[in-house]
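Asker: One file is attached below, my_file34.cif, containing mmCIF, C-alpha atoms and all ligand atoms.
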```cif
data_query
#
loop_
_atom_site.group_PDB
_atom_site.id
_atom_site.type_symbol
_atom_site.label_atom_id
_atom_site.label_comp_id
_atom_site.auth_asym_id
_atom_site.auth_seq_id
_atom_site.Cartn_x
_atom_site.Cartn_y
_atom_site.Cartn_z
ATOM 1 C CA MET A 20 13.022 -12.980 4.970
ATOM 2 C CA HIS A 21 10.238 -13.173 7.475
ATOM 3 C CA THR A 22 10.203 -14.821 10.802
ATOM 4 C CA ALA A 23 7.236 -16.757 12.029
ATOM 5 C CA THR A 24 7.231 -17.952 15.569
ATOM 6 C CA ALA A 25 4.529 -18.975 17.957
ATOM 7 C CA THR A 26 4.045 -16.453 20.764
ATOM 8 C CA SER A 27 2.720 -17.174 24.183
ATOM 9 C CA ALA A 28 -0.289 -14.947 23.521
ATOM 10 C CA PRO A 29 -3.385 -17.010 22.782
ATOM 11 C CA CYS A 30 -5.921 -16.230 20.040
ATOM 12 C CA PRO A 31 -8.807 -14.257 21.580
ATOM 13 C CA ALA A 32 -11.276 -16.546 19.780
ATOM 14 C CA CYS A 33 -9.919 -20.105 19.859
ATOM 15 C CA GLN A 34 -7.166 -19.774 22.522
ATOM 16 C CA GLN A 35 -4.546 -21.439 20.273
ATOM 17 C CA ALA A 36 -1.137 -19.731 20.253
ATOM 18 C CA LEU A 37 -0.940 -16.837 17.808
ATOM 19 C CA ARG A 38 1.742 -16.760 15.124
ATOM 20 C CA HIS A 39 4.100 -13.774 15.255
ATOM 21 C CA LEU A 40 5.064 -12.469 11.824
ATOM 22 C CA VAL A 41 7.332 -9.635 10.725
ATOM 23 C CA LEU A 42 6.153 -8.307 7.386
ATOM 24 C CA GLU A 43 7.899 -5.952 5.037
ATOM 25 C CA GLY A 44 6.428 -2.456 5.051
ATOM 26 C CA HIS A 45 7.213 0.445 2.809
ATOM 27 C CA TYR A 46 10.671 2.042 2.831
ATOM 28 C CA ALA A 47 12.433 -0.715 4.766
ATOM 29 C CA LYS A 48 10.056 -0.453 7.732
ATOM 30 C CA SER A 49 8.708 -3.655 9.144
ATOM 31 C CA VAL A 50 5.217 -4.352 10.419
ATOM 32 C CA GLU A 51 4.725 -6.861 13.211
ATOM 33 C CA VAL A 52 1.488 -8.795 13.379
ATOM 34 C CA GLU A 53 0.124 -11.774 15.229
ATOM 35 C CA LEU A 54 -2.090 -14.144 13.303
ATOM 36 C CA CYS A 55 -4.551 -16.873 14.034
ATOM 37 C CA THR A 56 -4.576 -18.786 10.761
ATOM 38 C CA ALA A 57 -7.503 -20.912 11.932
ATOM 39 C CA CYS A 58 -9.809 -18.018 12.853
ATOM 40 C CA TYR A 59 -8.430 -15.665 10.162
ATOM 41 C CA LEU A 60 -7.742 -12.978 12.754
ATOM 42 C CA VAL A 61 -4.939 -10.403 12.674
ATOM 43 C CA TRP A 62 -3.638 -8.516 15.710
ATOM 44 C CA PHE A 63 -1.620 -5.272 15.400
ATOM 45 C CA ASP A 64 0.139 -3.668 18.340
ATOM 46 C CA ALA A 65 0.167 -0.358 16.509
ATOM 47 C CA PHE A 66 -2.926 1.588 15.627
ATOM 48 C CA GLU A 67 -1.511 3.455 12.680
ATOM 49 C CA SER A 68 -2.703 2.226 9.367
ATOM 50 C CA VAL A 69 -0.624 -0.689 8.243
ATOM 51 C CA ARG A 70 1.355 0.056 5.113
ATOM 52 C CA LEU A 71 2.694 -3.155 3.667
ATOM 53 C CA SER A 72 4.935 -3.414 0.646
ATOM 54 C CA GLY A 73 3.935 -5.857 -2.076
ATOM 55 C CA LEU A 74 6.222 -8.445 -0.512
ATOM 56 C CA GLY A 75 4.589 -7.774 2.881
ATOM 57 C CA TRP A 76 1.202 -8.570 1.382
ATOM 58 C CA VAL A 77 2.582 -11.723 -0.240
ATOM 59 C CA GLN A 78 3.982 -12.818 3.149
ATOM 60 C CA LEU A 79 0.690 -12.127 4.932
ATOM 61 C CA LEU A 80 -1.472 -13.784 2.287
ATOM 62 C CA ARG A 81 0.759 -16.856 2.133
ATOM 63 C CA ALA A 82 0.782 -17.248 5.922
ATOM 64 C CA MET A 83 -2.970 -16.883 6.064
ATOM 65 C CA VAL A 84 -4.216 -18.870 3.098
ATOM 66 C CA LEU A 85 -1.744 -21.746 3.358
ATOM 67 C CA GLN A 86 -4.437 -23.795 5.010
ATOM 68 C CA PRO A 87 -8.148 -23.209 4.627
ATOM 69 C CA ALA A 88 -9.952 -21.326 7.363
ATOM 70 C CA SER A 89 -11.395 -23.549 10.020
ATOM 71 C CA ARG A 90 -14.894 -22.127 9.759
ATOM 72 C CA ALA A 91 -14.496 -20.383 13.062
ATOM 73 C CA VAL A 92 -17.462 -18.385 14.228
ATOM 74 C CA LEU A 93 -16.053 -15.621 16.353
ATOM 75 C CA PRO A 94 -17.295 -15.372 19.943
ATOM 76 C CA PRO A 95 -19.125 -12.144 20.789
ATOM 77 C CA ASN A 96 -16.689 -11.022 23.482
ATOM 78 C CA MET A 97 -12.993 -11.130 22.760
ATOM 79 C CA ALA A 98 -10.202 -9.936 25.025
ATOM 80 C CA CYS A 99 -7.023 -7.970 24.388
ATOM 81 C CA VAL A 100 -4.064 -10.155 23.465
ATOM 82 C CA ARG A 101 -1.855 -8.201 25.914
ATOM 83 C CA CYS A 102 -3.965 -7.242 28.947
ATOM 84 C CA ARG A 103 -6.934 -9.640 28.564
ATOM 85 C CA LYS A 104 -9.422 -6.806 29.117
ATOM 86 C CA PRO A 105 -12.472 -6.865 26.811
ATOM 87 C CA LEU A 106 -11.956 -5.278 23.398
ATOM 88 C CA SER A 107 -14.407 -2.664 22.212
ATOM 89 C CA ALA A 108 -15.699 -2.296 18.677
ATOM 90 C CA VAL A 109 -14.614 0.686 16.611
ATOM 91 C CA ARG A 110 -15.852 1.582 13.181
ATOM 92 C CA ASN A 111 -13.329 2.661 10.606
ATOM 93 C CA GLN A 112 -14.351 4.879 7.733
ATOM 94 C CA THR A 113 -12.150 4.312 4.709
ATOM 95 C CA ARG A 114 -12.632 5.353 1.120
ATOM 96 C CA PHE A 115 -13.935 1.851 0.478
ATOM 97 C CA GLY A 116 -16.706 2.130 3.072
ATOM 98 C CA HIS A 117 -17.225 1.331 6.733
ATOM 99 C CA THR A 118 -15.301 -1.459 8.345
ATOM 100 C CA ALA A 119 -14.956 -2.513 11.937
ATOM 101 C CA ALA A 120 -12.173 -3.546 14.242
ATOM 102 C CA LEU A 121 -11.830 -4.380 17.913
ATOM 103 C CA GLU A 122 -9.601 -2.162 19.949
ATOM 104 C CA CYS A 123 -8.020 -2.336 23.389
ATOM 105 C CA GLU A 124 -9.037 0.690 25.451
ATOM 106 C CA GLN A 125 -5.608 0.611 27.118
ATOM 107 C CA GLY A 126 -4.014 1.208 23.715
ATOM 108 C CA HIS A 127 -2.409 -2.205 23.301
ATOM 109 C CA GLY A 128 -3.588 -2.739 19.765
ATOM 110 C CA GLN A 129 -6.288 -3.750 17.378
ATOM 111 C CA LEU A 130 -7.842 -7.020 16.299
ATOM 112 C CA GLN A 131 -9.311 -7.390 12.843
ATOM 113 C CA THR A 132 -10.708 -10.165 10.737
ATOM 114 C CA PHE A 133 -8.556 -10.964 7.730
ATOM 115 C CA SER A 134 -11.365 -10.255 5.272
ATOM 116 C CA LEU A 135 -12.078 -6.818 6.757
ATOM 117 C CA LEU A 136 -8.394 -5.941 6.803
ATOM 118 C CA LEU A 137 -8.290 -6.533 3.047
ATOM 119 C CA ALA A 138 -11.718 -5.049 2.380
ATOM 120 C CA GLU A 139 -10.873 -1.752 4.053
ATOM 121 C CA ARG A 140 -7.945 -1.389 1.652
ATOM 122 C CA GLY A 141 -10.171 -2.097 -1.334
ATOM 123 C CA LEU A 142 -8.563 -5.479 -2.023
ATOM 124 C CA LEU A 143 -11.921 -7.268 -1.735
ATOM 125 C CA ARG A 144 -15.136 -6.150 -3.362
ATOM 126 C CA GLN A 145 -18.809 -6.976 -3.284
ATOM 127 C CA VAL A 146 -20.190 -9.779 -5.454
ATOM 128 C CA LEU A 147 -22.006 -8.642 -8.600
ATOM 129 C CA PRO A 148 -24.587 -10.601 -10.640
ATOM 130 C CA ALA A 149 -22.054 -11.111 -13.477
ATOM 131 C CA ASP A 150 -19.670 -12.712 -10.959
ATOM 132 C CA ARG A 151 -22.335 -15.174 -9.873
ATOM 133 C CA THR A 152 -23.063 -16.051 -13.515
ATOM 134 C CA SER A 153 -19.383 -16.721 -14.251
ATOM 135 C CA LEU A 154 -19.023 -18.797 -11.084
ATOM 136 C CA ALA A 155 -22.065 -20.868 -12.022
ATOM 137 C CA GLN A 156 -20.589 -21.448 -15.514
ATOM 138 C CA GLU A 157 -17.378 -22.673 -13.905
ATOM 139 C CA GLY A 158 -19.372 -24.948 -11.590
ATOM 140 C CA ARG A 159 -17.768 -23.333 -8.571
ATOM 141 C CA ALA A 160 -19.299 -22.003 -5.407
ATOM 142 C CA LEU A 161 -18.811 -18.634 -3.808
ATOM 143 C CA GLN A 162 -16.688 -19.160 -0.709
ATOM 144 C CA CYS A 163 -16.756 -16.988 2.363
ATOM 145 C CA LEU A 164 -13.307 -15.364 2.380
ATOM 146 C CA GLN A 165 -13.443 -15.111 6.170
ATOM 147 C CA CYS A 166 -14.483 -18.596 7.300
ATOM 148 C CA GLY A 167 -14.242 -20.648 4.105
ATOM 149 C CA ALA A 168 -17.875 -21.857 4.104
ATOM 150 C CA GLY A 169 -19.120 -22.556 0.587
ATOM 151 C CA GLU A 170 -22.807 -23.286 0.925
ATOM 152 C CA HIS A 171 -24.890 -20.171 0.494
ATOM 153 C CA ALA A 172 -28.247 -19.363 -1.064
ATOM 154 C CA PRO A 173 -27.747 -18.310 -4.721
ATOM 155 C CA GLN A 174 -28.281 -14.572 -4.106
ATOM 156 C CA ALA A 175 -27.023 -14.452 -0.518
ATOM 157 C CA SER A 176 -25.004 -11.401 0.528
ATOM 158 C CA LEU A 177 -24.019 -12.691 3.981
ATOM 159 C CA CYS A 178 -22.179 -15.891 4.799
ATOM 160 C CA ALA A 179 -24.724 -18.412 6.067
ATOM 161 C CA TYR A 180 -22.162 -19.731 8.520
ATOM 162 C CA CYS A 181 -20.276 -16.789 10.075
ATOM 163 C CA GLN A 182 -22.489 -13.906 8.904
ATOM 164 C CA SER A 183 -19.585 -12.000 7.283
ATOM 165 C CA PRO A 184 -20.491 -10.119 4.108
ATOM 166 C CA LEU A 185 -19.712 -12.279 1.078
ATOM 167 C CA ARG A 186 -16.945 -10.656 -0.910
ATOM 168 C CA MET A 187 -14.584 -11.499 -3.723
ATOM 169 C CA VAL A 188 -10.990 -10.610 -4.439
ATOM 170 C CA ASP A 189 -10.712 -7.374 -6.392
ATOM 171 C CA VAL A 190 -8.117 -8.822 -8.733
ATOM 172 C CA PRO A 191 -6.647 -5.656 -10.337
ATOM 173 C CA ARG A 192 -6.490 -3.865 -6.964
ATOM 174 C CA LEU A 193 -4.803 -6.801 -5.278
ATOM 175 C CA ALA A 194 -2.384 -7.187 -8.188
ATOM 176 C CA SER A 195 -1.401 -3.529 -8.020
ATOM 177 C CA ALA A 196 -1.020 -3.659 -4.209
ATOM 178 C CA LEU A 197 1.387 -6.568 -4.699
ATOM 179 C CA LEU A 198 3.452 -4.909 -7.408
ATOM 180 C CA VAL A 199 5.150 -2.361 -5.129
ATOM 181 C CA ARG A 200 8.480 -2.745 -3.366
ATOM 182 C CA HIS A 201 10.974 -0.212 -1.981
ATOM 183 C CA GLY A 202 8.442 2.486 -2.834
ATOM 184 C CA ASP A 203 8.653 1.674 -6.539
ATOM 185 C CA VAL A 204 6.112 0.015 -8.761
ATOM 186 C CA LEU A 205 7.537 -3.205 -10.095
ATOM 187 C CA GLN A 206 8.637 -2.981 -13.703
ATOM 188 C CA LEU A 207 7.577 -6.174 -15.428
ATOM 189 C CA PRO A 208 10.274 -7.699 -17.633
ATOM 190 C CA PRO A 209 9.722 -7.161 -21.368
ATOM 191 C CA GLY A 210 8.192 -9.949 -23.403
ATOM 192 C CA ALA A 211 5.459 -12.330 -22.282
ATOM 193 C CA ASN A 212 3.552 -11.078 -19.219
ATOM 194 C CA PRO A 213 4.758 -13.268 -16.327
ATOM 195 C CA LEU A 214 1.502 -12.570 -14.455
ATOM 196 C CA ALA A 215 -0.842 -13.721 -17.254
ATOM 197 C CA MET A 216 -3.652 -16.001 -16.012
ATOM 198 C CA ALA A 217 -5.703 -18.260 -18.262
ATOM 199 C CA CYS A 218 -9.369 -17.261 -18.643
ATOM 200 C CA ARG A 219 -11.504 -19.879 -16.936
ATOM 201 C CA GLY A 220 -14.003 -19.654 -19.768
ATOM 202 C CA CYS A 221 -11.768 -20.148 -22.825
ATOM 203 C CA GLY A 222 -8.108 -20.251 -21.721
ATOM 204 C CA HIS A 223 -7.208 -16.898 -23.287
ATOM 205 C CA PRO A 224 -4.369 -15.248 -21.293
ATOM 206 C CA LEU A 225 -5.589 -12.351 -19.136
ATOM 207 C CA ASP A 226 -3.542 -9.652 -17.435
ATOM 208 C CA PRO A 227 -4.825 -9.619 -13.833
ATOM 209 C CA THR A 228 -3.488 -6.099 -13.271
ATOM 210 C CA THR A 229 -5.831 -4.566 -15.843
ATOM 211 C CA GLU A 230 -8.369 -7.052 -17.192
ATOM 212 C CA THR A 231 -11.473 -7.950 -15.205
ATOM 213 C CA SER A 232 -13.149 -9.970 -17.942
ATOM 214 C CA CYS A 233 -12.022 -11.899 -20.979
ATOM 215 C CA PRO A 234 -11.952 -9.852 -24.207
ATOM 216 C CA ARG A 235 -12.583 -13.038 -26.187
ATOM 217 C CA CYS A 236 -15.474 -14.739 -24.342
ATOM 218 C CA ASP A 237 -16.650 -12.071 -21.815
ATOM 219 C CA HIS A 238 -16.170 -14.471 -18.944
ATOM 220 C CA VAL A 239 -15.593 -12.475 -15.746
ATOM 221 C CA LEU A 240 -12.373 -12.991 -13.784
ATOM 222 C CA VAL A 241 -13.790 -14.150 -10.441
ATOM 223 C CA TRP A 242 -11.631 -15.027 -7.485
ATOM 224 C CA ALA A 243 -14.093 -16.121 -4.841
ATOM 225 C CA ASP A 244 -11.750 -18.325 -2.807
ATOM 226 C CA TRP A 245 -8.191 -18.002 -1.529
ATOM 227 C CA THR A 246 -6.874 -20.858 -3.687
ATOM 228 C CA SER A 247 -7.349 -18.632 -6.746
ATOM 229 C CA VAL A 248 -4.862 -16.118 -5.314
ATOM 230 C CA ARG A 249 -1.952 -18.520 -4.992
ATOM 231 C CA PRO A 250 -0.815 -18.552 -8.679
ATOM 232 C CA LEU A 251 -0.581 -14.740 -8.544
ATOM 233 C CA LEU A 252 1.532 -14.898 -5.361
ATOM 234 C CA ASP A 253 3.782 -17.493 -7.014
ATOM 235 C CA ALA A 254 4.235 -15.319 -10.101
ATOM 236 C CA VAL A 255 4.797 -12.056 -8.226
ATOM 237 C CA GLU A 256 7.066 -13.143 -5.383
ATOM 238 C CA PRO A 257 10.269 -13.894 -7.400
ATOM 239 C CA LEU A 258 9.865 -10.608 -9.287
ATOM 240 C CA LEU A 259 9.470 -8.688 -6.008
ATOM 241 C CA ARG A 260 12.466 -10.342 -4.420
ATOM 242 C CA ALA A 261 14.590 -9.475 -7.453
ATOM 243 C CA GLN A 262 13.593 -5.806 -7.151
ATOM 244 C CA GLN A 263 16.516 -3.910 -5.629
ATOM 245 C CA PRO A 264 16.144 -0.621 -3.756
ATOM 246 C CA ARG A 265 17.007 2.408 -5.844
ATOM 247 C CA GLN A 266 20.757 2.961 -5.644
ATOM 248 C CA ALA A 267 21.686 5.789 -3.307
ATOM 249 C CA LYS A 268 23.609 8.546 -5.078
ATOM 250 C CA PRO A 269 27.277 9.038 -4.101
ATOM 251 C CA TRP A 270 27.544 11.475 -1.196
ATOM 252 C CA GLY A 271 29.491 14.226 -3.023
ATOM 253 C CA ARG A 272 26.927 14.387 -5.823
ATOM 254 C CA ARG A 273 24.017 14.353 -3.392
ATOM 255 C CA LEU A 274 25.545 17.177 -1.383
ATOM 256 C CA ARG A 275 26.075 19.303 -4.476
ATOM 257 C CA GLU A 276 22.476 18.655 -5.528
ATOM 258 C CA GLN A 277 21.168 19.515 -2.067
ATOM 259 C CA GLN A 278 23.184 22.699 -1.863
ATOM 260 C CA GLY A 279 22.109 23.516 -5.345
ATOM 261 C CA ASP A 280 23.558 26.208 -7.502
ATOM 262 C CA HIS A 281 24.996 29.172 -5.608
ATOM 263 C CA ARG A 282 23.160 31.357 -8.099
ATOM 264 C CA ALA A 283 19.866 30.096 -6.632
ATOM 265 C CA THR A 284 20.380 31.865 -3.276
ATOM 266 C CA GLN A 285 18.233 34.800 -2.272
ATOM 267 C CA PHE A 286 21.306 37.068 -1.868
ATOM 268 C CA HIS A 287 22.489 36.318 -5.358
ATOM 269 C CA ARG A 288 19.025 36.993 -6.738
ATOM 270 C CA TRP A 289 19.074 40.381 -4.990
ATOM 271 C CA LEU A 290 22.488 41.189 -6.438
ATOM 272 C CA ARG A 291 21.244 40.172 -9.862
ATOM 273 C CA HIS A 292 18.204 42.337 -9.397
ATOM 274 C CA ALA A 293 20.435 45.268 -8.477
ATOM 275 C CA ASN A 294 22.344 44.559 -11.697
ATOM 276 C CA LEU A 295 25.581 44.083 -9.777
ATOM 277 C CA VAL A 296 26.241 40.576 -11.023
ATOM 278 C CA SER A 297 25.967 39.438 -14.593
ATOM 279 C CA ARG A 298 22.764 37.679 -15.469
ATOM 280 C CA HIS A 299 24.344 34.902 -17.470
ATOM 281 C CA ASP A 300 27.021 32.342 -17.042
ATOM 282 C CA ASP A 301 29.270 34.181 -19.518
ATOM 283 C CA GLY A 302 29.213 37.219 -17.270
ATOM 284 C CA GLY A 303 32.741 36.554 -16.038
ATOM 285 C CA GLN A 304 34.013 38.746 -18.803
ATOM 286 C CA ARG A 305 32.014 41.664 -17.565
ATOM 287 C CA GLY A 306 32.028 41.057 -13.838
ATOM 288 C CA LEU A 307 31.273 43.153 -10.805
ATOM 289 C CA MET A 308 33.682 45.990 -11.656
ATOM 290 C CA GLY A 309 32.314 46.263 -15.155
ATOM 291 C CA ARG A 310 28.850 46.606 -13.717
ATOM 292 C CA LEU A 311 29.984 49.203 -11.175
ATOM 293 C CA ARG A 312 31.448 51.292 -13.959
ATOM 294 C CA ASP A 313 28.049 51.264 -15.677
ATOM 295 C CA TRP A 314 26.753 54.836 -15.476
ATOM 296 C CA ARG A 315 23.197 53.689 -14.722
ATOM 297 C CA ASN A 316 24.335 52.305 -11.396
ATOM 298 C CA TRP A 317 25.916 55.618 -10.465
ATOM 299 C CA LEU A 318 22.775 57.461 -11.540
ATOM 300 C CA GLY A 319 20.697 55.068 -9.387
ATOM 301 C CA LEU A 320 22.926 55.686 -6.381
ATOM 302 C CA PHE A 321 22.759 59.437 -6.920
ATOM 303 C CA VAL A 322 18.907 59.348 -7.014
ATOM 304 C CA LEU A 323 18.849 57.123 -3.931
ATOM 305 C CA GLY A 324 21.167 59.535 -2.136
ATOM 306 C CA LEU A 325 19.007 62.472 -3.090
ATOM 307 C CA VAL A 326 15.859 60.749 -1.798
ATOM 308 C CA GLY A 327 17.649 59.758 1.415
ATOM 309 C CA TRP A 328 18.922 63.307 1.920
ATOM 310 C CA GLY A 329 15.370 64.660 1.361
ATOM 311 C CA PHE A 330 13.957 62.167 3.847
ATOM 312 C CA PHE A 331 16.402 62.530 6.717
ATOM 313 C CA ARG A 332 17.046 66.264 6.450
HETATM 314 ZN ZN ZN B 401 -8.058 -18.538 16.666
HETATM 315 ZN ZN ZN B 402 -4.984 -4.383 26.260
HETATM 316 ZN ZN ZN B 403 -18.214 -17.190 6.666
HETATM 317 ZN ZN ZN B 404 -12.243 -16.239 -22.151
#
```
Can you give me the file's structure in the form of structure tokens?
Ligand SMILES: [Zn+2]
Ligand SMILES: [Zn+2]
Ligand SMILES: [Zn+2]
Ligand SMILES: [Zn+2]
Answerer:
Amino acid sequence: MHTATATSAPCPACQQALRHLVLEGHYAKSVEVELCTACYLVWFDAFESVRLSGLGWVQLLRAMVLQPASRAVLPPNMACVRCRKPLSAVRNQTRFGHTAALECEQGHGQLQTFSLLLAERGLLRQVLPADRTSLAQEGRALQCLQCGAGEHAPQASLCAYCQSPLRMVDVPRLASALLVRHGDVLQLPPGANPLAMACRGCGHPLDPTTETSCPRCDHVLVWADWTSVRPLLDAVEPLLRAQQPRQAKPWGRRLREQQGDHRATQFHRWLRHANLVSRHDDGGQRGLMGRLRDWRNWLGLFVLGLVGWGFFR
């Protein structure tokens, strides 16, 4: 489905070869990216906003989170993957707030950290006090989703290691971003929810697409590391792959639908308005000639003639 090959282009941060990946976009388009899975960096040749299908996101997330981040602290000056000229910082305003990217001034593309790429699409969110409480109850630590570092002060908002903002996965948003393929939202099979995840407080099954906390024990659904995402990817991927594109309609039927009803044309509407064609489908019995014999039409013509004669005289 996707190809992953090493390219000759080196990572602008660690100089290891980048991985080239072709991801599925919406409507059978593909999106090409280059990844450094150690530095959690993503390079796009195109500037337009990347629109990945659910399967595209699964491919990207799997490629990225297969191995933990290598705690890379990004160097201050990074160069374009194509022309090696220094990249300049640009700020993106999205509906989820400001994010930043590095751009080549020659137009070769854009470099973004993996966490910002997801955050600017609303797939990550800030950490709330209730999240910290639930994490503490589980005995887990908040992990930096960019570099993987797990040791932070209890109320810290920035990663102590790489200085990225500490964020968590926005589970319902991520789940709904994944559940789209061929432009259609995935219809879950009837019966038991195949995406159900056990509450980490009491084991009660939770629907990650809608539930953010457990209705039974109030424990908050917190995904503060990439390992938590994997069961969702495993559950969603077979369903996405089984999703077929909507069947194209046979050409004859499509053509008839496109052309529409001949009665919908402007000319026919005008005729109808002038009472020359019957208004209803049963009008065949009393067609054009019947209408012409109608005395009101002759009266109308006579008045029109009179007005015309008065005007042009
Ligand atoms: Zn790297
Ligand atoms: Zn460049
Ligand atoms: Zn970090
Ligand atoms: Zn629970």
Asker: List as a list in words the protein and nucleic acid residues near segment 243-258 of chain A, meaning an atom at most 7 Å away when only C-alpha atoms are counted, but skip any in the same chain fewer than 5 places from it.
Answerer: Leu74, Val77, Val84, Leu161, Gln162, Leu164, Met187, Val188, Pro213 and Leu214 of chain A
Asker: Give me the chain A side of the contact with ligand ZN 402 (chain B), cut-off 10 Å, one line per residue showing its nearest atom pair and distance in Å at one decimal, counting only C-alpha atoms and all ligand atoms, sorted by chain and residue number, as JSON lines.
Answerer:
```
{"residue": "A:Asp64", "atom": "CA", "partner": "B:ZN402", "partner_atom": "ZN", "distance": 9.5}
{"residue": "A:Ala98", "atom": "CA", "partner": "B:ZN402", "partner_atom": "ZN", "distance": 7.7}
{"residue": "A:Cys99", "atom": "CA", "partner": "B:ZN402", "partner_atom": "ZN", "distance": 4.5}
{"residue": "A:Val100", "atom": "CA", "partner": "B:ZN402", "partner_atom": "ZN", "distance": 6.5}
{"residue": "A:Arg101", "atom": "CA", "partner": "B:ZN402", "partner_atom": "ZN", "distance": 4.9}
{"residue": "A:Cys102", "atom": "CA", "partner": "B:ZN402", "partner_atom": "ZN", "distance": 4.1}
{"residue": "A:Arg103", "atom": "CA", "partner": "B:ZN402", "partner_atom": "ZN", "distance": 6.1}
{"residue": "A:Lys104", "atom": "CA", "partner": "B:ZN402", "partner_atom": "ZN", "distance": 5.8}
{"residue": "A:Pro105", "atom": "CA", "partner": "B:ZN402", "partner_atom": "ZN", "distance": 7.9}
{"residue": "A:Leu106", "atom": "CA", "partner": "B:ZN402", "partner_atom": "ZN", "distance": 7.6}
{"residue": "A:Glu122", "atom": "CA", "partner": "B:ZN402", "partner_atom": "ZN", "distance": 8.1}
{"residue": "A:Cys123", "atom": "CA", "partner": "B:ZN402", "partner_atom": "ZN", "distance": 4.7}
{"residue": "A:Glu124", "atom": "CA", "partner": "B:ZN402", "partner_atom": "ZN", "distance": 6.5}
{"residue": "A:Gln125", "atom": "CA", "partner": "B:ZN402", "partner_atom": "ZN", "distance": 5.1}
{"residue": "A:Gly126", "atom": "CA", "partner": "B:ZN402", "partner_atom": "ZN", "distance": 6.2}
{"residue": "A:His127", "atom": "CA", "partner": "B:ZN402", "partner_atom": "ZN", "distance": 4.5}
{"residue": "A:Gly128", "atom": "CA", "partner": "B:ZN402", "partner_atom": "ZN", "distance": 6.8}
{"residue": "A:Gln129", "atom": "CA", "partner": "B:ZN402", "partner_atom": "ZN", "distance": 9.0}
```
Asker: Could you list the residues chosen by the PyMOL selection byres (((chain A and resi 218) around 10) and not hetatm) in this structure as a VMD selection string?
Answerer: chain A and resid 215 to 217 219 to 226 232 to 241
Asker: Looking at A:Ala91, A:Cys30, A:Val204, A:Ala138, which one is nearest to ligand ZN 403 (chain B), with distances taken over all atoms listed in the file?
Answerer: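 Ranking A:Ala91, A:Cys30, A:Val204, A:Ala138 by distance to ligand ZN 403 (chain B), first place goes to A:Ala91.
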Asker: I'd like to see the residues matched by the PyMOL selection byres (((not hetatm)) within 7 of (chain B and resi 403)) on this file, and ideally I'd get them as number ranges by chain.
Answerer: A: 90, 163-168, 178-183
Asker: Would you save the residues from that selection as a compact mmCIF listing (two decimals), in the coordinates of the input, using C-alpha atoms?
Answerer:
```
# COMPACT_ATOMS: atom_id res chain seq x y z
CA ARG A 90 -14.89 -22.13 9.76
CA CYS A 163 -16.76 -16.99 2.36
CA LEU A 164 -13.31 -15.36 2.38
CA GLN A 165 -13.44 -15.11 6.17
CA CYS A 166 -14.48 -18.60 7.30
CA GLY A 167 -14.24 -20.65 4.11
CA ALA A 168 -17.88 -21.86 4.10
CA CYS A 178 -22.18 -15.89 4.80
CA ALA A 179 -24.72 -18.41 6.07
CA TYR A 180 -22.16 -19.73 8.52
CA CYS A 181 -20.28 -16.79 10.07
CA GLN A 182 -22.49 -13.91 8.90
CA SER A 183 -19.58 -12.00 7.28
```
Asker: Using atom CA of Leu207 of chain A and atom CA of Leu136 of chain A as the two end points, give the distance in Å to one decimal.
Answerer: 27.4 Å
Asker: On this structure, which residues satisfy the PyMOL selection byres (((not hetatm)) within 12 of (chain B and resi 401)), written as a count of residues only?
Answerer: 36
Asker: As a list in words, please: the residues near Asp203 of chain A (cut-off 10 Å, all atoms listed in the file, same-chain neighbours under 4 positions excluded).
Answerer: His45, Tyr46, Ser72, Gly73, Leu198, Val199, Gln262, Gln263, Pro264 and Arg265 of chain A
Asker: In Å, rounded to a single decimal, give me how far atom CA of Ser153 of chain A is from atom CA of Trp76 of chain A.
Answerer: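 Here the two named atoms are 27.1 Å from each other.
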Asker: Smallest atom-to-atom distance to ligand ZN 404 (chain B): which of A:Glu157, A:Val322, A:Leu135, A:Arg275, using all atoms listed in the file?
Answerer: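 Once distances to ligand ZN 404 (chain B) are computed over all atoms listed in the file, the minimum belongs to A:Glu157.
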Asker: Name the closest residue to ligand ZN 404 (chain B) among the candidates A:Phe331, A:Val50, A:Arg288, A:Gln156; distances are taken between atoms, counting only C-alpha atoms and all ligand atoms.
Answerer: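 Of A:Phe331, A:Val50, A:Arg288, A:Gln156, the one nearest ligand ZN 404 (chain B) is A:Gln156, counting only C-alpha atoms and all ligand atoms.
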Asker: Need to verify the contact set: Gly116 of chain A, 12 Å, only C-alpha atoms, exclusion of same-chain residues closer than 5 positions in sequence. Can you return it as a PyMOL selection string?
Answerer: chain A and resi 110-111+135+138-141+143-145
Asker: Taking only C-alpha atoms and all ligand atoms into account, which of A:Glu230, A:Asn316, A:Leu142, A:Arg272 comes nearest ligand ZN 404 (chain B)?
Answerer: A:Glu230
Asker: Residues at most 9 Å from Ser49 of chain A, counting only C-alpha atoms, excluding those fewer than 6 positions away in the same chain, as a PDB file with C-alpha atoms, in the coordinates of the input?
Answerer:
```
ATOM      1  CA  VAL A  41       7.332  -9.635  10.725  1.00  0.00           C
ATOM      2  CA  LEU A  42       6.153  -8.307   7.386  1.00  0.00           C
ATOM      3  CA  GLU A  43       7.899  -5.952   5.037  1.00  0.00           C
ATOM      4  CA  LEU A  71       2.694  -3.155   3.667  1.00  0.00           C
ATOM      5  CA  GLY A  75       4.589  -7.774   2.881  1.00  0.00           C
TER       6      GLY A  75
END
```
Asker: Using only C-alpha atoms for the distances, tell me which of A:Gly202, A:Gly271, A:Pro208, A:Gly329 is nearest to Lys48 of chain A.
Answerer: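 Among the listed residues, the smallest separation from Lys48 of chain A belongs to A:Gly202.
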Asker: Just give me the gap between atom CA of Pro191 of chain A and atom CA of Gln206 of chain A in Å, one decimal is fine.
Answerer: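 Pair atom CA of Pro191 of chain A / atom CA of Gln206 of chain A returns 15.9 Å.
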